[in-house]
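Colleague: Next up is a structure, given as structure tokens.
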There are 2 protein chains.
Amino acid sequence: VDEFEIIARLFRPLTNGAPEAFDLMDDAAAIPSRPGWDLVITKDAMVEGVHFLPDDPPYLVAQKLLRVNLSDLAAKAAEPYAYFLAAAWPASWDDARKTAFAAGLGKDQITFGLTLLGGDTVSTPGPLTVSATLLGWVPSGGMVKRSGAGEGDILFVSGAIGDGHLGLSTAQNQPLELSEAASGYLKNRYRLPSPRLELRETLRRYATAAADVSDGLIADAGHIGEASGLGVELDLARTPLSAAGRAWLERQSDPVAAMVRLATGGDDYEVVCTVRRSDAAAAVESAAAAGVALSEIGIMTSGRGLHVSFDRRPVDATVKGWTHR
Amino acid sequence: VDEFEIIARLFRPLTNGAPEAFDLMDDAAAIPSRPGWDLVITKDAMVEGVHFLPDDPPYLVAQKLLRVNLSDLAAKAAEPYAYFLAAAWPASWDDARKTAFAAGLGKDQITFGLTLLGGDTVSTPGPLTVSATLLGWVPSGGMVKRSGAGEGDILFVSGAIGDGHLGLSTAQNQPLELSEAASGYLKNRYRLPSPRLELRETLRRYATAAADVSDGLIADAGHIGEASGLGVELDLARTPLSAAGRAWLERQSDPVAAMVRLATGGDDYEVVCTVRRSDAAAAVESAAAAGVALSEIGIMTSGRGLHVSFDRRPVDATVKGWTHR
């Protein structure tokens, strides 16, 4: 099959006729300047067998690729704009799989207001390997960074932690002894994360620092501390869980070890952020109005390093979640 | 080895302290708007065993990754600015290899005026797979496209064609019966292409359309015709060759078939472009002043399709070079 034909049939429609993309006839796109705005750019890669399972449907893999990148934009308070795709197809990827992959991109483009502007498709003797470069807009100088936290700022996390990790375990057929409904919920949370783009206005207005939770809550909270030159006090007992997460936790003999597992598992794609104490109530209210729960989980201190506790008992949680896969 | 430590040690220095990169502490960069300029973005991926040989040194692979992308910027008359990297390392890639790869990036950053702004490093059970997203600047609306050629425009190509293909054959130990010096020259041209960035002012001033020659001269000239809605008359006998290329050609029993091979082999990273007949002499002079030879190889016609000849004899050259790898 001619790769140019595939680009024309599967990918050109994903440009929505955007003039920046030149119908994918060029090997480049041109983005006009937008005075008063910064272009936020993030790039994440995913490898079959590392970041998703070999039997995950191509449609969902495409959505996940966009969503893990959108999660970075969400944590930076950026408005999604466009993306570039690089896909290395294995020989086993026939036309039907590529078509399903493109359909997954098309679905999420509509959901999140994205347009494809370019990229590259190549063949590989190895596993499916994809990367996306996502572009978003923030008002000039308005990107929320990891490094902006101040001493005494309150540490918040959005939504629920641990679902991604439990969902992966479920998808790998590890016995979690949960109801079918709970298992299905968790598996879906693993396969199809929901980037917290609804938090944009809240973060722009109130966050002093933010990051998305991809490496694990403990690790990503720690990164904010490092980047801001502050210590972090994190109380694991306050980690927000979903109903399915709580159901799993209740079956564990060691709740502290179990909570450490959830807080280091990663793949949450929630947002961890810091807010001045005086803004904390307003930030929670603003997020709630956007449909997202913000839970207080800790505080930034003048010290250095990460201090994890569970109801005031210190917890050694440095074993996992600190290294990129 | 901790991936964060690797990022800090190998990649943070490559940001040159650019404020856009936030020391790679965030998962995103922020590019301020530059009124009067468009941001040109291109993204190419390379896979070990497909786009480079498994025993190619990491230092050169890194340089090639930047250069194949820079070649796209060169053909669009864009000034290189910055890049994002995604690297999927195989387990066999130890610290020494990663360090050599980063050193290759660092070398070419200096040569070409680039800065690393972000990206992602992951592990893979497959072959080394890398992609780069390159950013460049052009004056607003000034990107040279494939679609701008006019009827009667002269078709030019820069430098010499076929070295990349012959260099690959040499690197694969196919017997070309050339001198050691010629073999070494060709192998180096394959491993380390020279993007034609010197052509920027010439292209901005005179080119009606342009593309880089990565798929092969015939294919890439054809893409300009397609994108511009014109026919292309291409005389293979006028294809410029290097001394090593000519030496190889002289040993071939069928010079037409040999020339088709060179013009479909790809990996040239030269620039094929169209220029108004009235500008042709000035364009050649402008390129020469920048140190690059432009050779006239054909003409754009009112018809459709690609018509390849060799000294007026029609040549069937549609077999190879029309499909992306």
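Quick note on naming: the chains in the structure tokens go A, B, ... in the order shown, residues restart at 1 in each chain, and ligands are numbered from 1 in order of appearance.
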Tell me the residues of chain A close to chain B, meaning within 7 Å using only C-alpha atoms, as an MDAnalysis selection string.
Modeller: chainID A and resid 2:4 25:35 37:45 47 50 72 86 119:120 122:124 126:127 140 145:146 227 323:325
Colleague: Once DSSP has gone over the backbone, tell me which residues of stretch 166-319 of chain A are in strand (DSSP E or B), as a ChimeraX atom specification.
Modeller: /A:207-212,231-235,271-275,294-301,305-310,313-314
Colleague: Write out as an NGL selection string all residues of stretch 33-266 of chain B that backbone DSSP assigns to alpha helix (DSSP H).
Modeller: :B and (58-75 or 95-112 or 163-171 or 180-191 or 200-206 or 217-228 or 243-250 or 255-264)
Colleague: Might you pull out every residue within 7 Å of stretch 56-67 of chain A, with only C-alpha atoms counted and same-chain residues fewer than 4 positions away left off, and present them as a VMD selection string?
Modeller: chain A and resid 46 52 71 97 100 to 101 103 to 105 108 132 191 to 195
Colleague: Could you give me, as a list in words, the residues within 6 Å of B:Asp235, counting only C-alpha atoms and dropping anything in the same chain fewer than 3 positions from it?
Modeller: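 Surrounding residues, per the criterion: Arg238, Ile297, Gly298, Val308, Ser309 and Phe310 of chain B.
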Colleague: Looking at A:Gly106, A:Pro90, A:Gly113, A:Gly225, which one is nearest to A:Leu70, with distances taken over only C-alpha atoms?
Modeller: A:Gly113
Colleague: Find the residues around stretch 153-169 of chain A up to 7 Å (only C-alpha atoms counted), leave out those fewer than 4 positions away in its own chain, and share them as a tab-separated table (two decimals) with N, CA and C atoms, in the first residue's frame.
Modeller:
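For reference, selection-v2.tsv as written:
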```
chain	number	residue	atom	x	y	z
A	149	ALA	N	5.99	27.13	43.12
A	149	ALA	CA	5.37	26.97	44.44
A	149	ALA	C	6.08	27.81	45.50
A	173	ASN	N	-5.01	-8.95	33.76
A	173	ASN	CA	-5.67	-10.11	34.38
A	173	ASN	C	-5.10	-10.48	35.73
A	174	GLN	N	-4.55	-9.49	36.46
A	174	GLN	CA	-4.19	-9.76	37.84
A	174	GLN	C	-5.48	-9.76	38.67
A	186	LEU	N	-12.17	0.62	36.03
A	186	LEU	CA	-10.73	0.83	36.19
A	186	LEU	C	-9.98	0.61	34.88
A	187	LYS	N	-10.37	-0.44	34.15
A	187	LYS	CA	-9.72	-0.74	32.88
A	187	LYS	C	-9.89	0.43	31.92
A	188	ASN	N	-11.07	1.00	31.93
A	188	ASN	CA	-11.33	2.13	31.04
A	188	ASN	C	-10.51	3.36	31.45
A	189	ARG	N	-10.37	3.55	32.75
A	189	ARG	CA	-9.56	4.68	33.22
A	189	ARG	C	-8.09	4.52	32.81
A	190	TYR	N	-7.61	3.26	32.76
A	190	TYR	CA	-6.24	3.02	32.31
A	190	TYR	C	-6.10	3.27	30.82
A	239	THR	N	-5.19	10.98	50.15
A	239	THR	CA	-5.24	10.74	48.71
A	239	THR	C	-6.66	10.41	48.27
A	240	PRO	N	-7.22	11.15	47.34
A	240	PRO	CA	-8.59	10.87	46.89
A	240	PRO	C	-8.64	9.60	46.04
A	241	LEU	N	-9.63	8.76	46.31
A	241	LEU	CA	-9.80	7.53	45.55
A	241	LEU	C	-11.18	7.50	44.93
A	242	SER	N	-11.31	6.75	43.86
A	242	SER	CA	-12.63	6.49	43.28
A	242	SER	C	-13.34	5.43	44.11
A	245	GLY	N	-11.50	2.31	43.57
A	245	GLY	CA	-10.24	2.35	44.30
A	245	GLY	C	-10.45	2.07	45.78
A	262	LEU	N	-0.82	2.78	45.18
A	262	LEU	CA	-1.67	3.63	44.34
A	262	LEU	C	-0.99	4.97	44.04
A	263	ALA	N	-0.25	5.46	45.03
A	263	ALA	CA	0.35	6.79	44.87
A	263	ALA	C	1.68	6.75	44.12
A	265	GLY	N	1.88	4.30	41.41
A	265	GLY	CA	1.60	3.50	40.21
A	265	GLY	C	1.68	4.30	38.93
A	266	GLY	N	1.28	5.56	38.98
A	266	GLY	CA	1.33	6.40	37.78
A	266	GLY	C	0.14	6.20	36.86
A	267	ASP	N	0.25	6.82	35.68
A	267	ASP	CA	-0.83	6.74	34.68
A	267	ASP	C	-2.15	7.32	35.18
A	268	ASP	N	-2.10	8.28	36.11
A	268	ASP	CA	-3.34	8.86	36.62
A	268	ASP	C	-3.88	9.97	35.72
A	270	GLU	N	-4.11	12.95	36.37
A	270	GLU	CA	-4.73	14.02	37.15
A	270	GLU	C	-3.75	15.19	37.19
A	271	VAL	N	-4.13	16.26	37.87
A	271	VAL	CA	-3.24	17.41	38.04
A	271	VAL	C	-2.92	17.59	39.51
A	272	VAL	N	-1.63	17.67	39.84
A	272	VAL	CA	-1.20	18.02	41.18
A	272	VAL	C	-0.72	19.47	41.12
A	273	CYS	N	-1.18	20.29	42.06
A	273	CYS	CA	-0.85	21.72	41.97
A	273	CYS	C	-0.75	22.34	43.36
A	274	THR	N	-0.13	23.49	43.39
A	274	THR	CA	-0.01	24.23	44.65
A	274	THR	C	-0.76	25.55	44.52
A	275	VAL	N	-1.33	25.97	45.65
A	275	VAL	CA	-2.16	27.18	45.70
A	275	VAL	C	-1.84	27.91	47.01
A	276	ARG	N	-1.76	29.23	46.94
A	276	ARG	CA	-1.54	29.98	48.19
A	276	ARG	C	-2.66	29.67	49.18
A	277	ARG	N	-2.31	29.60	50.44
A	277	ARG	CA	-3.29	29.26	51.47
A	277	ARG	C	-4.52	30.18	51.40
A	292	VAL	N	-14.67	19.53	38.64
A	292	VAL	CA	-13.52	18.75	39.08
A	292	VAL	C	-13.31	18.94	40.58
A	293	ALA	N	-13.15	17.83	41.30
A	293	ALA	CA	-12.84	17.91	42.73
A	293	ALA	C	-11.34	18.13	42.91
A	294	LEU	N	-10.98	19.09	43.75
A	294	LEU	CA	-9.58	19.27	44.16
A	294	LEU	C	-9.48	18.84	45.61
A	295	SER	N	-8.57	17.91	45.91
A	295	SER	CA	-8.40	17.44	47.29
A	295	SER	C	-7.09	17.93	47.85
A	296	GLU	N	-7.15	18.46	49.08
A	296	GLU	CA	-5.93	18.92	49.75
A	296	GLU	C	-5.18	17.70	50.26
A	297	ILE	N	-3.90	17.58	49.87
A	297	ILE	CA	-3.13	16.39	50.25
A	297	ILE	C	-1.83	16.73	50.95
A	298	GLY	N	-1.49	18.03	51.04
A	298	GLY	CA	-0.24	18.34	51.70
A	298	GLY	C	0.08	19.81	51.68
A	299	ILE	N	1.35	20.09	51.98
A	299	ILE	CA	1.78	21.49	52.10
A	299	ILE	C	3.25	21.60	51.67
A	300	MET	N	3.61	22.77	51.14
A	300	MET	CA	4.99	23.03	50.75
A	300	MET	C	5.70	23.68	51.94
```
Colleague: If I take atom CA of B:Met259 and atom CA of B:Ala77, how far is one from the other in Å, to one decimal?
Modeller: 28.4 Å
Colleague: What is the atom CA of A:Arg204 to atom CA of A:Ala74 distance in Å?
Modeller: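 Distance reported for this atom pair: 10.5 Å.
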Colleague: Quick one, how far is atom CA of B:Pro314 from atom CA of B:Gly231?
Modeller: 14.7 Å
Colleague: So which residues touch B:Thr301 within 7 Å, counting only C-alpha atoms, skipping near sequence neighbours fewer than 5 positions away, as a list in words?
Modeller: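 In the requested form, the answer reads Glu151, Gly152, Leu230, Gly231 and Val232 of chain B.
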